[in-house]
>>> print(open('entry_22.tsv').read())   # TSV, C-alpha atoms
chain	number	residue	atom	x	y	z
O	1	MET	CA	33.81	13.63	19.09
O	2	ASN	CA	36.38	11.05	18.11
O	3	HIS	CA	36.12	8.58	15.23
O	4	GLN	CA	35.14	5.64	17.46
O	5	SER	CA	32.15	7.41	19.07
O	6	ARG	CA	30.85	8.54	15.67
O	7	LEU	CA	30.93	4.95	14.44
O	8	SER	CA	29.02	3.67	17.43
O	9	HIS	CA	26.12	6.02	16.68
O	10	SER	CA	25.82	5.39	12.96
O	11	PRO	CA	22.70	3.43	11.94
O	12	SER	CA	24.64	0.91	9.89
O	13	THR	CA	26.81	-0.20	12.82
O	14	SER	CA	24.11	-0.20	15.47
O	15	GLY	CA	21.78	-2.50	13.54
O	16	GLY	CA	19.74	0.42	12.18
O	17	SER	CA	18.01	-1.56	9.47
O	18	SER	CA	15.33	-3.69	10.99
O	19	LEU	CA	13.95	-4.82	7.65
O	20	PRO	CA	13.52	-8.58	7.51
O	21	SER	CA	14.93	-10.89	4.86
O	22	GLY	CA	13.82	-14.26	3.61
O	23	LEU	CA	10.76	-15.88	5.12
O	24	ALA	CA	11.02	-13.57	8.17
O	25	VAL	CA	9.07	-11.07	6.05
O	26	PHE	CA	5.98	-13.21	6.69
O	27	THR	CA	6.49	-13.23	10.46
O	28	THR	CA	7.35	-9.61	11.30
O	29	PHE	CA	5.05	-6.67	11.76
O	30	PRO	CA	4.38	-4.40	9.83
O	31	ASP	CA	5.88	-6.39	6.95
O	32	LEU	CA	3.21	-9.04	7.40
O	33	LEU	CA	0.79	-6.41	6.07
O	34	PHE	CA	2.35	-6.84	2.60
O	35	ILE	CA	0.24	-9.97	2.15
O	36	LEU	CA	-3.02	-8.22	3.04
O	37	GLU	CA	-2.10	-5.19	0.90
O	38	PHE	CA	-1.44	-7.59	-1.97
O	39	VAL	CA	-4.80	-9.36	-1.52
O	40	PHE	CA	-7.02	-6.31	-1.02
O	41	GLY	CA	-5.17	-4.25	-3.66
O	42	GLY	CA	-5.67	-7.11	-6.11
O	43	LEU	CA	-9.37	-7.23	-5.27
O	44	VAL	CA	-9.71	-3.49	-5.93
O	45	TRP	CA	-7.88	-3.90	-9.24
O	46	ILE	CA	-10.13	-6.79	-10.30
O	47	LEU	CA	-13.36	-5.07	-9.27
O	48	ILE	CA	-12.48	-1.78	-10.97
O	49	ALA	CA	-11.35	-3.58	-14.13
O	50	SER	CA	-14.60	-5.52	-14.32
O	51	SER	CA	-16.98	-2.73	-13.30
O	52	LEU	CA	-18.91	-0.29	-15.40
O	53	VAL	CA	-17.10	3.03	-15.71
O	54	PRO	CA	-19.49	5.96	-15.26
O	55	MET	CA	-16.65	8.44	-14.69
O	56	PRO	CA	-13.61	7.38	-16.75
O	57	LEU	CA	-11.18	9.97	-15.37
O	58	VAL	CA	-12.01	9.16	-11.75
O	59	GLN	CA	-11.96	5.40	-12.20
O	60	GLY	CA	-8.84	5.71	-14.33
O	61	TRP	CA	-7.07	7.18	-11.28
O	62	VAL	CA	-8.43	4.37	-9.08
O	63	MET	CA	-7.17	1.81	-11.60
O	64	PHE	CA	-3.75	3.49	-11.76
O	65	VAL	CA	-3.44	3.52	-7.97
O	66	SER	CA	-4.50	-0.10	-7.56
O	67	VAL	CA	-2.17	-1.37	-10.31
O	68	PHE	CA	0.77	0.82	-9.23
O	69	CYS	CA	0.47	-0.19	-5.57
O	70	PHE	CA	-0.06	-3.85	-6.46
O	71	VAL	CA	3.09	-3.93	-8.60
O	72	ALA	CA	5.17	-1.82	-6.18
O	73	THR	CA	4.07	-3.86	-3.14
O	74	THR	CA	4.84	-7.11	-4.95
O	75	THR	CA	8.24	-5.78	-6.01
O	76	LEU	CA	9.14	-4.64	-2.49
O	77	LEU	CA	7.97	-7.94	-1.03
O	78	VAL	CA	10.13	-9.94	-3.45
O	79	LEU	CA	13.12	-7.63	-2.84
O	80	TYR	CA	12.75	-8.07	0.93
O	81	ILE	CA	12.44	-11.84	0.61
O	82	ILE	CA	15.65	-12.08	-1.43
O	83	GLY	CA	17.40	-9.68	0.96
O	84	ALA	CA	18.19	-7.03	-1.65
O	85	HIS	CA	18.28	-4.35	1.04
O	86	GLY	CA	21.46	-5.84	2.46
O	87	GLY	CA	20.80	-4.26	5.84
O	88	GLU	CA	21.12	-0.72	4.47
O	89	ALA	CA	19.30	1.97	6.48
O	90	SER	CA	18.26	3.76	3.27
O	91	TRP	CA	15.81	0.92	2.59
O	92	VAL	CA	14.01	1.75	5.83
O	93	THR	CA	13.54	5.27	4.46
O	94	LEU	CA	12.34	3.89	1.12
O	95	ASP	CA	9.87	1.62	2.91
O	96	ALA	CA	8.42	4.50	4.95
O	97	ALA	CA	8.25	6.84	1.95
O	98	TYR	CA	6.56	4.24	-0.24
O	99	HIS	CA	3.92	3.33	2.32
O	100	CYS	CA	3.13	6.98	3.08
O	101	THR	CA	2.73	7.66	-0.64
O	102	ALA	CA	0.64	4.52	-1.16
O	103	ALA	CA	-1.60	5.47	1.78
O	104	LEU	CA	-2.22	8.94	0.31
O	105	PHE	CA	-2.83	7.51	-3.17
O	106	TYR	CA	-5.27	4.91	-1.85
O	107	LEU	CA	-7.10	7.48	0.28
O	108	SER	CA	-7.65	9.69	-2.77
O	109	ALA	CA	-8.67	6.69	-4.88
O	110	SER	CA	-11.12	5.48	-2.22
O	111	VAL	CA	-12.82	8.85	-1.92
O	112	LEU	CA	-13.09	9.21	-5.70
O	113	GLU	CA	-14.43	5.67	-6.14
O	114	ALA	CA	-17.03	6.34	-3.44
O	115	LEU	CA	-18.04	9.52	-5.31
O	116	ALA	CA	-18.35	7.62	-8.60
O	117	THR	CA	-20.42	4.92	-6.90
O	118	ILE	CA	-22.77	7.43	-5.26
O	119	GLN	CA	-23.34	9.12	-8.61
O	120	MET	CA	-24.20	5.85	-10.34
O	121	TYR	CA	-26.99	4.90	-7.94
O	122	GLU	CA	-29.73	5.43	-10.53
O	123	GLY	CA	-29.58	4.12	-14.07
O	124	TYR	CA	-27.38	1.09	-13.39
O	125	THR	CA	-28.23	-2.49	-12.55
O	126	TYR	CA	-28.18	-3.88	-9.03
O	127	ARG	CA	-25.10	-5.98	-9.89
O	128	GLN	CA	-23.13	-3.05	-11.35
O	129	TYR	CA	-23.90	-0.84	-8.38
O	130	HIS	CA	-22.96	-3.49	-5.83
O	131	GLU	CA	-19.78	-4.34	-7.68
O	132	ASN	CA	-18.70	-0.72	-7.29
O	133	ILE	CA	-19.73	-0.72	-3.62
O	134	SER	CA	-17.46	-3.75	-3.13
O	135	ALA	CA	-14.63	-1.88	-4.85
O	136	VAL	CA	-15.15	1.06	-2.46
O	137	VAL	CA	-15.14	-1.18	0.62
O	138	PHE	CA	-12.00	-3.05	-0.45
O	139	SER	CA	-10.35	0.22	-1.41
O	140	TYR	CA	-10.93	1.61	2.08
O	141	VAL	CA	-9.62	-1.61	3.63
O	142	ALA	CA	-6.49	-1.29	1.46
O	143	THR	CA	-6.21	2.35	2.56
O	144	LEU	CA	-6.31	1.35	6.22
O	145	LEU	CA	-3.69	-1.34	5.64
O	146	TYR	CA	-1.35	1.09	3.89
O	147	VAL	CA	-1.90	3.72	6.62
O	148	ALA	CA	-1.10	1.18	9.35
O	149	HIS	CA	1.97	0.02	7.43
O	150	ALA	CA	3.05	3.65	6.91
O	151	VAL	CA	2.69	4.49	10.60
O	152	PHE	CA	4.73	1.49	11.74
O	153	SER	CA	7.28	2.06	8.95
O	154	LEU	CA	7.70	5.64	10.15
O	155	ILE	CA	8.22	4.38	13.70
O	156	ARG	CA	10.85	1.95	12.40
O	157	TRP	CA	12.46	4.75	10.36
O	158	LYS	CA	12.52	7.07	13.38
O	159	SER	CA	14.22	4.44	15.52
O	160	SER	CA	16.81	3.51	12.87
>>> encode(input="entry_22.tsv", output="structure tokens")
Amino acid sequence: MNHQSRLSHSPSTSGGSSLPSGLAVFTTFPDLLFILEFVFGGLVWILIASSLVPMPLVQGWVMFVSVFCFVATTTLLVLYIIGAHGGEASWVTLDAAYHCTAALFYLSASVLEALATIQMYEGYTYRQYHENISAVVFSYVATLLYVAHAVFSLIRWKSS
């Protein structure tokens, strides 16, 4: 294989990075999901922070996941908007790895928050119980968003 044919197959010369820059982040899929991940992740964070904590270790993990993913998603969104990836294919890998990790983290946090909510059924007020139910619902919505983003990021990674 000569030098010219190797260059034509490298991801950086064949437009391998399909990550958007600037305001295109808000118009491309799956990057449009950043906004929904931001909103639902923020809701989980707010609800967990304001809820009663019957199981501190479990809800501590849920709080860590929601804050970590909120900050990481916001950071990636800002970096994509300013074009920090510069068209590098390694950012496609980073995007896929992050969203797979976030999906696994949120799945574990959702299951644990549901467990904590089930166990607090008796002995807590109606408001406290329903606040935790809301946190569970929003946590599962965030999980689905991160899973969808991970799947489409993996497809983008595979094609880059």
>>> residues_around(input="entry_22.tsv", residues="Ile118 (chain O)", least_positions_apart="4", cutoff="9 Å", atoms="all atoms listed in the file", output="ChimeraX atom specification")
/O:113-114,122,129,133
>>> residues_around(input="entry_22.tsv", residues="region 149-153 of chain O", least_positions_apart="3", cutoff="10 Å", atoms="all atoms listed in the file", output="number ranges by chain")
O: 19, 29-34, 37, 92-104, 143-146, 156-159
>>> atom_distance(input="entry_22.tsv", atom1="CA of Val67 (chain O)", atom2="CA of Phe105 (chain O)")
11.4 Å
>>> closest_residue(input="entry_22.tsv", among="O:Val58, O:Leu36, O:Val25, O:Ala49", to="Ala148 (chain O)", atoms="all atoms listed in the file")
O:Leu36
>>> atom_distance(input="entry_22.tsv", atom1="CA of Thr73 (chain O)", atom2="CA of Ser139 (chain O)")
15.1 Å
